[in-house]
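Asker: entry_31.cif is reproduced below (mmCIF, N, CA, C and O atoms).
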data_coords
loop_
_atom_site.label_atom_id
_atom_site.label_comp_id
_atom_site.auth_asym_id
_atom_site.auth_seq_id
_atom_site.Cartn_x
_atom_site.Cartn_y
_atom_site.Cartn_z
N MET A 1 5.24 0.97 11.90
CA MET A 1 5.11 2.12 11.04
C MET A 1 3.63 2.32 10.73
O MET A 1 2.86 1.38 10.72
N LYS A 2 3.29 3.57 10.44
CA LYS A 2 1.88 3.90 10.23
C LYS A 2 1.69 4.84 9.04
O LYS A 2 2.61 5.54 8.63
N ILE A 3 0.46 4.82 8.53
CA ILE A 3 0.03 5.70 7.45
C ILE A 3 -1.24 6.41 7.93
O ILE A 3 -2.05 5.82 8.64
N VAL A 4 -1.39 7.66 7.52
CA VAL A 4 -2.62 8.42 7.81
C VAL A 4 -3.55 8.30 6.62
O VAL A 4 -3.14 8.54 5.48
N THR A 5 -4.78 7.93 6.87
CA THR A 5 -5.79 7.80 5.82
C THR A 5 -7.06 8.54 6.22
O THR A 5 -7.26 8.85 7.39
N ALA A 6 -7.88 8.83 5.24
CA ALA A 6 -9.16 9.51 5.45
C ALA A 6 -9.97 9.34 4.17
O ALA A 6 -9.55 8.64 3.25
N ASN A 7 -11.11 10.01 4.14
CA ASN A 7 -11.87 10.13 2.90
C ASN A 7 -11.82 11.59 2.48
O ASN A 7 -11.78 12.48 3.33
N ARG A 8 -11.80 11.82 1.19
CA ARG A 8 -11.78 13.19 0.67
C ARG A 8 -13.19 13.76 0.72
O ARG A 8 -14.15 13.11 0.32
N LEU A 9 -13.32 14.98 1.24
CA LEU A 9 -14.62 15.61 1.39
C LEU A 9 -15.35 15.75 0.06
O LEU A 9 -16.55 15.48 -0.03
N SER A 10 -14.66 16.13 -0.99
CA SER A 10 -15.32 16.46 -2.26
C SER A 10 -15.97 15.27 -2.94
O SER A 10 -16.99 15.43 -3.61
N ASP A 11 -15.41 14.06 -2.77
CA ASP A 11 -15.98 12.92 -3.49
C ASP A 11 -16.02 11.62 -2.70
O ASP A 11 -16.45 10.59 -3.21
N GLY A 12 -15.55 11.64 -1.45
CA GLY A 12 -15.60 10.45 -0.60
C GLY A 12 -14.52 9.42 -0.87
O GLY A 12 -14.47 8.40 -0.20
N ARG A 13 -13.64 9.67 -1.82
CA ARG A 13 -12.59 8.70 -2.16
C ARG A 13 -11.59 8.55 -1.01
O ARG A 13 -11.38 9.48 -0.23
N VAL A 14 -10.98 7.40 -0.94
CA VAL A 14 -9.93 7.15 0.05
C VAL A 14 -8.71 7.97 -0.33
O VAL A 14 -8.29 7.98 -1.50
N ILE A 15 -8.14 8.66 0.65
CA ILE A 15 -6.91 9.42 0.45
C ILE A 15 -5.96 9.13 1.59
O ILE A 15 -6.36 8.61 2.64
N TYR A 16 -4.71 9.48 1.36
CA TYR A 16 -3.65 9.29 2.34
C TYR A 16 -2.87 10.59 2.45
O TYR A 16 -2.87 11.41 1.54
N ALA A 17 -2.17 10.76 3.57
CA ALA A 17 -1.29 11.91 3.73
C ALA A 17 0.02 11.60 3.02
O ALA A 17 0.71 10.63 3.34
N GLY A 18 0.36 12.45 2.05
CA GLY A 18 1.60 12.30 1.30
C GLY A 18 2.60 13.36 1.70
O GLY A 18 2.52 13.93 2.78
N VAL A 19 3.54 13.63 0.83
CA VAL A 19 4.58 14.64 1.07
C VAL A 19 3.92 15.97 1.43
O VAL A 19 2.93 16.37 0.81
N ASP A 20 4.46 16.62 2.43
CA ASP A 20 3.93 17.90 2.94
C ASP A 20 2.47 17.77 3.37
O ASP A 20 1.72 18.74 3.31
N ASN A 21 2.07 16.57 3.76
CA ASN A 21 0.71 16.29 4.24
C ASN A 21 -0.36 16.60 3.21
O ASN A 21 -1.51 16.86 3.54
N GLN A 22 0.01 16.54 1.95
CA GLN A 22 -0.96 16.75 0.88
C GLN A 22 -1.68 15.43 0.60
O GLN A 22 -1.11 14.35 0.74
N PRO A 23 -2.95 15.50 0.19
CA PRO A 23 -3.68 14.27 -0.08
C PRO A 23 -3.17 13.56 -1.33
O PRO A 23 -2.90 14.20 -2.34
N VAL A 24 -3.01 12.26 -1.23
CA VAL A 24 -2.65 11.42 -2.37
C VAL A 24 -3.64 10.26 -2.43
O VAL A 24 -4.22 9.87 -1.41
N GLU A 25 -3.84 9.71 -3.60
CA GLU A 25 -4.87 8.69 -3.79
C GLU A 25 -4.37 7.26 -3.71
O GLU A 25 -5.19 6.34 -3.60
N HIS A 26 -3.08 7.05 -3.77
CA HIS A 26 -2.56 5.70 -3.79
C HIS A 26 -1.68 5.44 -2.58
O HIS A 26 -0.85 6.29 -2.20
N ILE A 27 -1.83 4.28 -1.99
CA ILE A 27 -1.10 3.94 -0.78
C ILE A 27 0.42 4.00 -1.02
O ILE A 27 1.17 4.32 -0.11
N ASP A 28 0.85 3.73 -2.24
CA ASP A 28 2.29 3.77 -2.51
C ASP A 28 2.85 5.18 -2.53
O ASP A 28 4.06 5.38 -2.53
N GLN A 29 1.98 6.20 -2.49
CA GLN A 29 2.41 7.60 -2.42
C GLN A 29 2.34 8.15 -0.99
O GLN A 29 2.76 9.27 -0.74
N ALA A 30 1.77 7.37 -0.09
CA ALA A 30 1.56 7.83 1.29
C ALA A 30 2.87 7.85 2.06
O ALA A 30 3.78 7.06 1.80
N LEU A 31 2.93 8.78 3.02
CA LEU A 31 4.07 8.81 3.93
C LEU A 31 3.96 7.63 4.90
O LEU A 31 2.89 7.37 5.43
N VAL A 32 5.07 6.94 5.11
CA VAL A 32 5.14 5.89 6.11
C VAL A 32 5.88 6.49 7.30
O VAL A 32 7.01 6.95 7.15
N LEU A 33 5.23 6.50 8.45
CA LEU A 33 5.69 7.28 9.60
C LEU A 33 5.88 6.44 10.85
O LEU A 33 5.14 5.48 11.07
N ASP A 34 6.84 6.88 11.68
CA ASP A 34 6.95 6.25 13.00
C ASP A 34 5.81 6.79 13.87
O ASP A 34 5.07 7.70 13.47
N ASP A 35 5.64 6.25 15.06
CA ASP A 35 4.50 6.61 15.91
C ASP A 35 4.42 8.11 16.21
O ASP A 35 3.35 8.71 16.12
N THR A 36 5.55 8.72 16.53
CA THR A 36 5.56 10.14 16.89
C THR A 36 5.19 11.01 15.69
O THR A 36 4.32 11.88 15.78
N ALA A 37 5.82 10.77 14.56
CA ALA A 37 5.54 11.56 13.36
C ALA A 37 4.10 11.33 12.89
O ALA A 37 3.44 12.26 12.43
N ALA A 38 3.60 10.11 13.03
CA ALA A 38 2.24 9.80 12.61
C ALA A 38 1.23 10.63 13.40
O ALA A 38 0.26 11.14 12.83
N GLU A 39 1.45 10.79 14.69
CA GLU A 39 0.54 11.59 15.51
C GLU A 39 0.56 13.06 15.09
O GLU A 39 -0.48 13.73 15.07
N VAL A 40 1.74 13.57 14.73
CA VAL A 40 1.86 14.96 14.28
C VAL A 40 1.11 15.16 12.96
O VAL A 40 0.35 16.12 12.79
N VAL A 41 1.31 14.26 12.02
CA VAL A 41 0.63 14.37 10.72
C VAL A 41 -0.88 14.21 10.90
O VAL A 41 -1.67 14.95 10.30
N LEU A 42 -1.29 13.27 11.73
CA LEU A 42 -2.72 13.08 11.99
C LEU A 42 -3.34 14.36 12.53
O LEU A 42 -4.41 14.78 12.07
N ALA A 43 -2.68 15.02 13.46
CA ALA A 43 -3.20 16.27 14.02
C ALA A 43 -3.29 17.35 12.94
O ALA A 43 -4.27 18.11 12.89
N ASP A 44 -2.30 17.39 12.06
CA ASP A 44 -2.32 18.39 10.98
C ASP A 44 -3.50 18.18 10.04
O ASP A 44 -4.24 19.10 9.75
N VAL A 45 -3.67 16.96 9.56
CA VAL A 45 -4.74 16.72 8.59
C VAL A 45 -6.12 16.78 9.26
O VAL A 45 -7.09 17.16 8.60
N ALA A 46 -6.20 16.46 10.53
CA ALA A 46 -7.47 16.57 11.25
C ALA A 46 -7.92 18.03 11.31
O ALA A 46 -9.12 18.31 11.38
N GLY A 47 -6.98 18.95 11.24
CA GLY A 47 -7.29 20.37 11.23
C GLY A 47 -7.67 20.89 9.85
O GLY A 47 -7.83 22.09 9.66
N ARG A 48 -7.81 19.98 8.89
CA ARG A 48 -8.17 20.36 7.52
C ARG A 48 -9.41 19.58 7.06
O ARG A 48 -9.37 18.81 6.10
N PRO A 49 -10.55 19.78 7.76
CA PRO A 49 -11.76 19.02 7.42
C PRO A 49 -12.35 19.36 6.06
O PRO A 49 -13.24 18.66 5.58
N ASP A 50 -11.83 20.40 5.42
CA ASP A 50 -12.28 20.74 4.07
C ASP A 50 -11.72 19.77 3.03
O ASP A 50 -12.16 19.75 1.88
N VAL A 51 -10.75 18.95 3.45
CA VAL A 51 -10.15 17.95 2.55
C VAL A 51 -10.25 16.55 3.17
O VAL A 51 -10.76 15.63 2.55
N PHE A 52 -9.73 16.39 4.39
CA PHE A 52 -9.62 15.09 5.05
C PHE A 52 -10.81 14.86 5.99
O PHE A 52 -10.95 15.55 7.00
N VAL A 53 -11.65 13.87 5.70
CA VAL A 53 -12.80 13.55 6.54
C VAL A 53 -12.46 12.33 7.39
O VAL A 53 -12.07 11.29 6.87
N ASN A 54 -12.60 12.48 8.70
CA ASN A 54 -12.35 11.39 9.66
C ASN A 54 -10.99 10.70 9.48
O ASN A 54 -10.92 9.48 9.31
N PRO A 55 -9.91 11.46 9.52
CA PRO A 55 -8.59 10.84 9.36
C PRO A 55 -8.25 9.94 10.55
O PRO A 55 -8.69 10.19 11.67
N TYR A 56 -7.48 8.91 10.27
CA TYR A 56 -7.01 8.00 11.32
C TYR A 56 -5.74 7.31 10.85
O TYR A 56 -5.36 7.39 9.68
N LEU A 57 -5.10 6.63 11.77
CA LEU A 57 -3.85 5.91 11.50
C LEU A 57 -4.12 4.43 11.34
O LEU A 57 -5.02 3.89 11.98
N PHE A 58 -3.30 3.78 10.52
CA PHE A 58 -3.29 2.33 10.51
C PHE A 58 -1.87 1.84 10.32
O PHE A 58 -1.02 2.53 9.78
N GLU A 59 -1.63 0.64 10.81
CA GLU A 59 -0.29 0.05 10.76
C GLU A 59 0.00 -0.53 9.39
O GLU A 59 -0.89 -1.08 8.73
N VAL A 60 1.26 -0.40 8.98
CA VAL A 60 1.72 -0.99 7.72
C VAL A 60 3.06 -1.67 7.93
O VAL A 60 3.81 -1.34 8.84
N GLN A 61 3.32 -2.60 7.06
CA GLN A 61 4.64 -3.21 6.96
C GLN A 61 4.96 -3.25 5.48
O GLN A 61 4.23 -3.87 4.69
N ASP A 62 5.99 -2.51 5.08
CA ASP A 62 6.36 -2.40 3.67
C ASP A 62 5.19 -1.89 2.82
O ASP A 62 4.88 -2.43 1.76
N ARG A 63 4.50 -0.86 3.31
CA ARG A 63 3.36 -0.23 2.64
C ARG A 63 2.16 -1.16 2.48
O ARG A 63 1.23 -0.87 1.73
N THR A 64 2.16 -2.27 3.17
CA THR A 64 1.04 -3.19 3.14
C THR A 64 0.35 -3.12 4.49
O THR A 64 1.02 -3.23 5.52
N PRO A 65 -0.98 -2.91 4.50
CA PRO A 65 -1.68 -2.86 5.78
C PRO A 65 -1.40 -4.10 6.62
O PRO A 65 -1.35 -5.22 6.10
N SER A 66 -1.19 -3.89 7.91
CA SER A 66 -0.92 -4.99 8.82
C SER A 66 -1.71 -4.76 10.09
O SER A 66 -2.46 -3.80 10.21
N GLY A 67 -1.52 -5.64 11.05
CA GLY A 67 -2.22 -5.47 12.31
C GLY A 67 -3.69 -5.82 12.19
O GLY A 67 -4.13 -6.46 11.24
N ARG A 68 -4.47 -5.35 13.14
CA ARG A 68 -5.88 -5.74 13.22
C ARG A 68 -6.74 -5.21 12.09
O ARG A 68 -7.79 -5.75 11.80
N ASP A 69 -6.32 -4.13 11.43
CA ASP A 69 -7.13 -3.54 10.37
C ASP A 69 -6.65 -3.92 8.97
O ASP A 69 -7.05 -3.29 7.99
N ARG A 70 -5.82 -4.93 8.85
CA ARG A 70 -5.22 -5.24 7.55
C ARG A 70 -6.25 -5.58 6.48
O ARG A 70 -6.12 -5.15 5.34
N LEU A 71 -7.30 -6.32 6.81
CA LEU A 71 -8.30 -6.67 5.81
C LEU A 71 -9.07 -5.42 5.37
O LEU A 71 -9.20 -5.17 4.17
N LYS A 72 -9.55 -4.64 6.32
CA LYS A 72 -10.30 -3.42 6.00
C LYS A 72 -9.47 -2.47 5.15
O LYS A 72 -9.93 -1.98 4.12
N GLU A 73 -8.23 -2.22 5.55
CA GLU A 73 -7.39 -1.28 4.82
C GLU A 73 -6.95 -1.83 3.47
O GLU A 73 -6.75 -1.09 2.52
N GLY A 74 -6.78 -3.13 3.38
CA GLY A 74 -6.47 -3.74 2.09
C GLY A 74 -7.59 -3.52 1.09
O GLY A 74 -7.36 -3.19 -0.07
N ILE A 75 -8.83 -3.66 1.55
CA ILE A 75 -9.99 -3.42 0.69
C ILE A 75 -10.07 -1.94 0.33
O ILE A 75 -10.28 -1.58 -0.84
N ARG A 76 -9.91 -1.04 1.30
CA ARG A 76 -9.99 0.40 1.04
C ARG A 76 -8.92 0.84 0.03
O ARG A 76 -9.19 1.64 -0.85
N SER A 77 -7.70 0.32 0.19
CA SER A 77 -6.60 0.74 -0.69
C SER A 77 -6.79 0.25 -2.12
O SER A 77 -6.25 0.84 -3.05
N ALA A 78 -7.59 -0.79 -2.30
CA ALA A 78 -7.84 -1.33 -3.64
C ALA A 78 -8.88 -0.53 -4.40
O ALA A 78 -9.06 -0.71 -5.60
N GLY A 79 -9.58 0.36 -3.72
CA GLY A 79 -10.57 1.19 -4.39
C GLY A 79 -11.98 0.69 -4.18
O GLY A 79 -12.21 -0.29 -3.48
N PRO A 80 -12.95 1.36 -4.78
CA PRO A 80 -14.36 1.02 -4.57
C PRO A 80 -14.66 -0.42 -4.95
O PRO A 80 -14.13 -0.94 -5.94
N THR A 81 -15.52 -1.05 -4.16
CA THR A 81 -15.94 -2.42 -4.49
C THR A 81 -17.24 -2.43 -5.27
O THR A 81 -17.60 -3.43 -5.85
N VAL A 82 -17.93 -1.31 -5.30
CA VAL A 82 -19.19 -1.21 -6.05
C VAL A 82 -18.87 -1.21 -7.55
O VAL A 82 -17.98 -0.51 -8.00
N GLY A 83 -19.62 -1.99 -8.29
CA GLY A 83 -19.42 -2.03 -9.73
C GLY A 83 -18.48 -3.11 -10.20
O GLY A 83 -18.28 -3.28 -11.39
N HIS A 84 -17.93 -3.89 -9.26
CA HIS A 84 -17.01 -4.96 -9.64
C HIS A 84 -17.67 -6.33 -9.69
O HIS A 84 -17.06 -7.29 -10.08
N SER A 85 -18.93 -6.39 -9.28
CA SER A 85 -19.60 -7.69 -9.27
C SER A 85 -20.30 -7.93 -10.62
O SER A 85 -20.61 -7.00 -11.36
N VAL A 86 -20.55 -9.16 -10.88
CA VAL A 86 -21.25 -9.56 -12.11
C VAL A 86 -22.67 -9.91 -11.72
O VAL A 86 -22.90 -10.73 -10.85
N VAL A 87 -23.64 -9.30 -12.37
CA VAL A 87 -25.05 -9.55 -12.09
C VAL A 87 -25.57 -10.61 -13.05
O VAL A 87 -25.40 -10.48 -14.26
N GLY A 88 -26.18 -11.63 -12.48
CA GLY A 88 -26.80 -12.67 -13.34
C GLY A 88 -25.79 -13.49 -14.11
O GLY A 88 -26.14 -14.10 -15.10
N GLY A 89 -24.53 -13.50 -13.69
CA GLY A 89 -23.52 -14.32 -14.37
C GLY A 89 -23.03 -13.78 -15.68
O GLY A 89 -22.30 -14.43 -16.40
N VAL A 90 -23.43 -12.56 -16.04
CA VAL A 90 -23.00 -11.97 -17.31
C VAL A 90 -22.02 -10.85 -17.00
O VAL A 90 -22.27 -9.99 -16.16
N GLY A 91 -20.88 -10.81 -17.65
CA GLY A 91 -19.88 -9.79 -17.35
C GLY A 91 -19.70 -8.81 -18.37
O GLY A 91 -19.77 -8.33 -19.29
#
Output the structure of this file as structure tokens.

Answerer:
Amino acid sequence: MKIVTANRLSDGRVIYAGVDNQPVEHIDQALVLDDTAAEVVLADVAGRPDVFVNPYLFEVQDRTPSGRDRLKEGIRSAGPTVGHSVVGGVG
């Protein structure tokens, strides 16, 4: 099973294709698609560069990224990593 993901043009945030191929911000709202449907949705959102920047597919199992991109997509789905570190040991 696969999910379509991209970055949103307006702010660069990670988005996913949800119901009616509308952008959603959380992986749990994304459509989980078989290979054929995933290609159709990918083609649709690729035709909407005003919203979806560089859309692509990744594999999931139970809405959890799997396959070769599981680490990358796990990090992306968790949100920005900037601002989560502690500088100088003070939090």

Asker: Within chain A, find each residue whose DSSP state, derived from the backbone, is helix (DSSP H, G or I), and express the selection as a ChimeraX atom specification.

Answerer: /A:19-21,27-29,35-46,67-78

Asker: With distances taken over only C-alpha atoms, which of A:Val51, A:Val41, A:Leu71, A:Ala46 is nearest to A:Pro23?

Answerer: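 Using only C-alpha atoms, the shortest distance to A:Pro23 belongs to A:Val51.
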
Asker: Report, in Å to a single decimal, how far apart atom C of A:Val32 and atom C of A:Lys2 are.

Answerer: 4.8 Å

Asker: Contacts of A:Arg63 at 9 Å or less, counting only C-alpha atoms, minus same-chain residues fewer than 2 places along, as a list in words?

Answerer: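 Non-adjacent residues within range: Met1, Lys2, Ile3, Ile27, Asp28, Ala30, Val32, Glu59, Val60, Gln61, Pro65 and Ser66 of chain A.
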
Asker: I need the residues from that last selection saved to file as a PDB file, keeping the file's coordinate frame (with N, CA, C and O atoms), if you can.

Answerer:
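What ended up in out11.pdb:
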ATOM      1  N   MET A   1       5.240   0.970  11.900  1.00  0.00           N
ATOM      2  CA  MET A   1       5.110   2.120  11.040  1.00  0.00           C
ATOM      3  C   MET A   1       3.630   2.320  10.730  1.00  0.00           C
ATOM      4  O   MET A   1       2.860   1.380  10.720  1.00  0.00           O
ATOM      5  N   LYS A   2       3.290   3.570  10.440  1.00  0.00           N
ATOM      6  CA  LYS A   2       1.880   3.900  10.230  1.00  0.00           C
ATOM      7  C   LYS A   2       1.690   4.840   9.040  1.00  0.00           C
ATOM      8  O   LYS A   2       2.610   5.540   8.630  1.00  0.00           O
ATOM      9  N   ILE A   3       0.460   4.820   8.530  1.00  0.00           N
ATOM     10  CA  ILE A   3       0.030   5.700   7.450  1.00  0.00           C
ATOM     11  C   ILE A   3      -1.240   6.410   7.930  1.00  0.00           C
ATOM     12  O   ILE A   3      -2.050   5.820   8.640  1.00  0.00           O
ATOM     13  N   ILE A  27      -1.830   4.280  -1.990  1.00  0.00           N
ATOM     14  CA  ILE A  27      -1.100   3.940  -0.780  1.00  0.00           C
ATOM     15  C   ILE A  27       0.420   4.000  -1.020  1.00  0.00           C
ATOM     16  O   ILE A  27       1.170   4.320  -0.110  1.00  0.00           O
ATOM     17  N   ASP A  28       0.850   3.730  -2.240  1.00  0.00           N
ATOM     18  CA  ASP A  28       2.290   3.770  -2.510  1.00  0.00           C
ATOM     19  C   ASP A  28       2.850   5.180  -2.530  1.00  0.00           C
ATOM     20  O   ASP A  28       4.060   5.380  -2.530  1.00  0.00           O
ATOM     21  N   ALA A  30       1.770   7.370  -0.090  1.00  0.00           N
ATOM     22  CA  ALA A  30       1.560   7.830   1.290  1.00  0.00           C
ATOM     23  C   ALA A  30       2.870   7.850   2.060  1.00  0.00           C
ATOM     24  O   ALA A  30       3.780   7.060   1.800  1.00  0.00           O
ATOM     25  N   VAL A  32       5.070   6.940   5.110  1.00  0.00           N
ATOM     26  CA  VAL A  32       5.140   5.890   6.110  1.00  0.00           C
ATOM     27  C   VAL A  32       5.880   6.490   7.300  1.00  0.00           C
ATOM     28  O   VAL A  32       7.010   6.950   7.150  1.00  0.00           O
ATOM     29  N   GLU A  59      -1.630   0.640  10.810  1.00  0.00           N
ATOM     30  CA  GLU A  59      -0.290   0.050  10.760  1.00  0.00           C
ATOM     31  C   GLU A  59       0.000  -0.530   9.390  1.00  0.00           C
ATOM     32  O   GLU A  59      -0.890  -1.080   8.730  1.00  0.00           O
ATOM     33  N   VAL A  60       1.260  -0.400   8.980  1.00  0.00           N
ATOM     34  CA  VAL A  60       1.720  -0.990   7.720  1.00  0.00           C
ATOM     35  C   VAL A  60       3.060  -1.670   7.930  1.00  0.00           C
ATOM     36  O   VAL A  60       3.810  -1.340   8.840  1.00  0.00           O
ATOM     37  N   GLN A  61       3.320  -2.600   7.060  1.00  0.00           N
ATOM     38  CA  GLN A  61       4.640  -3.210   6.960  1.00  0.00           C
ATOM     39  C   GLN A  61       4.960  -3.250   5.480  1.00  0.00           C
ATOM     40  O   GLN A  61       4.230  -3.870   4.690  1.00  0.00           O
ATOM     41  N   PRO A  65      -0.980  -2.910   4.500  1.00  0.00           N
ATOM     42  CA  PRO A  65      -1.680  -2.860   5.780  1.00  0.00           C
ATOM     43  C   PRO A  65      -1.400  -4.100   6.620  1.00  0.00           C
ATOM     44  O   PRO A  65      -1.350  -5.220   6.100  1.00  0.00           O
ATOM     45  N   SER A  66      -1.190  -3.890   7.910  1.00  0.00           N
ATOM     46  CA  SER A  66      -0.920  -4.990   8.820  1.00  0.00           C
ATOM     47  C   SER A  66      -1.710  -4.760  10.090  1.00  0.00           C
ATOM     48  O   SER A  66      -2.460  -3.800  10.210  1.00  0.00           O
TER      49      SER A  66
END

Asker: I'd like the contact shell of A:Ala17 - 6 Å cut-off, only N, CA, C and O atoms, skipping same-chain residues fewer than 3 positions apart - returned as a VMD selection string.

Answerer: chain A and resid 4 to 5 21 to 24 29 to 32

Asker: Taking the file as I've supplied it (selection: the PyMOL selection byres ((chain A and resi 8-12) around 5)), which residues are included? Please answer as a list in words.

Answerer: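 Applying the PyMOL selection byres ((chain A and resi 8-12) around 5) to the structure shown produces Ala6, Asn7, Arg13, Val14, Ile15, Asp50, Val51, Phe52 and Val53 of chain A.
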
Asker: Output as AutoDock Vina command-line options the centre and edge lengths (Å, one decimal) of the box along x, y and z of the file that holds every listed atom of stretch 21-24 of chain A after adding 8 Å on each side.

Answerer:
--center_x -1.1 --center_y 13.4 --center_z 0.9 --size_x 22.3 --size_y 23.0 --size_z 22.7

Asker: Where does DSSP see strand (DSSP E or B) in stretch 8-50 of chain A, if you list the residues as a list in words?

Answerer: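 DSSP-assigned strand (DSSP E or B) residues in stretch 8-50 of chain A: Arg8, Val14, Ile15, Tyr16, Ala17, Pro23, Val24 and Leu33 of chain A.
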
Asker: For A:Phe58, which residue out of A:Leu33, A:Glu25, A:Val40, A:Arg76 is the nearest one, using all atoms listed in the file?

Answerer: A:Leu33

Asker: Could you please determine the separation between atom CA of A:Pro55 and atom CA of A:Ile75 in Å, to one decimal place?

Answerer: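 Between these atoms lies a distance of 16.7 Å.
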
Asker: Could you check which of A:Tyr16, A:Gly74, A:Asp62, A:Leu57 is closest to A:Ala37, using only C-alpha atoms?

Answerer: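 Checking each of A:Tyr16, A:Gly74, A:Asp62, A:Leu57 against A:Ala37, counting only C-alpha atoms, the winner is A:Leu57.
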
Asker: At what distance in Å, to one decimal, does atom N of A:Val45 lie from atom CA of A:Thr64?

Answerer: 21.7 Å
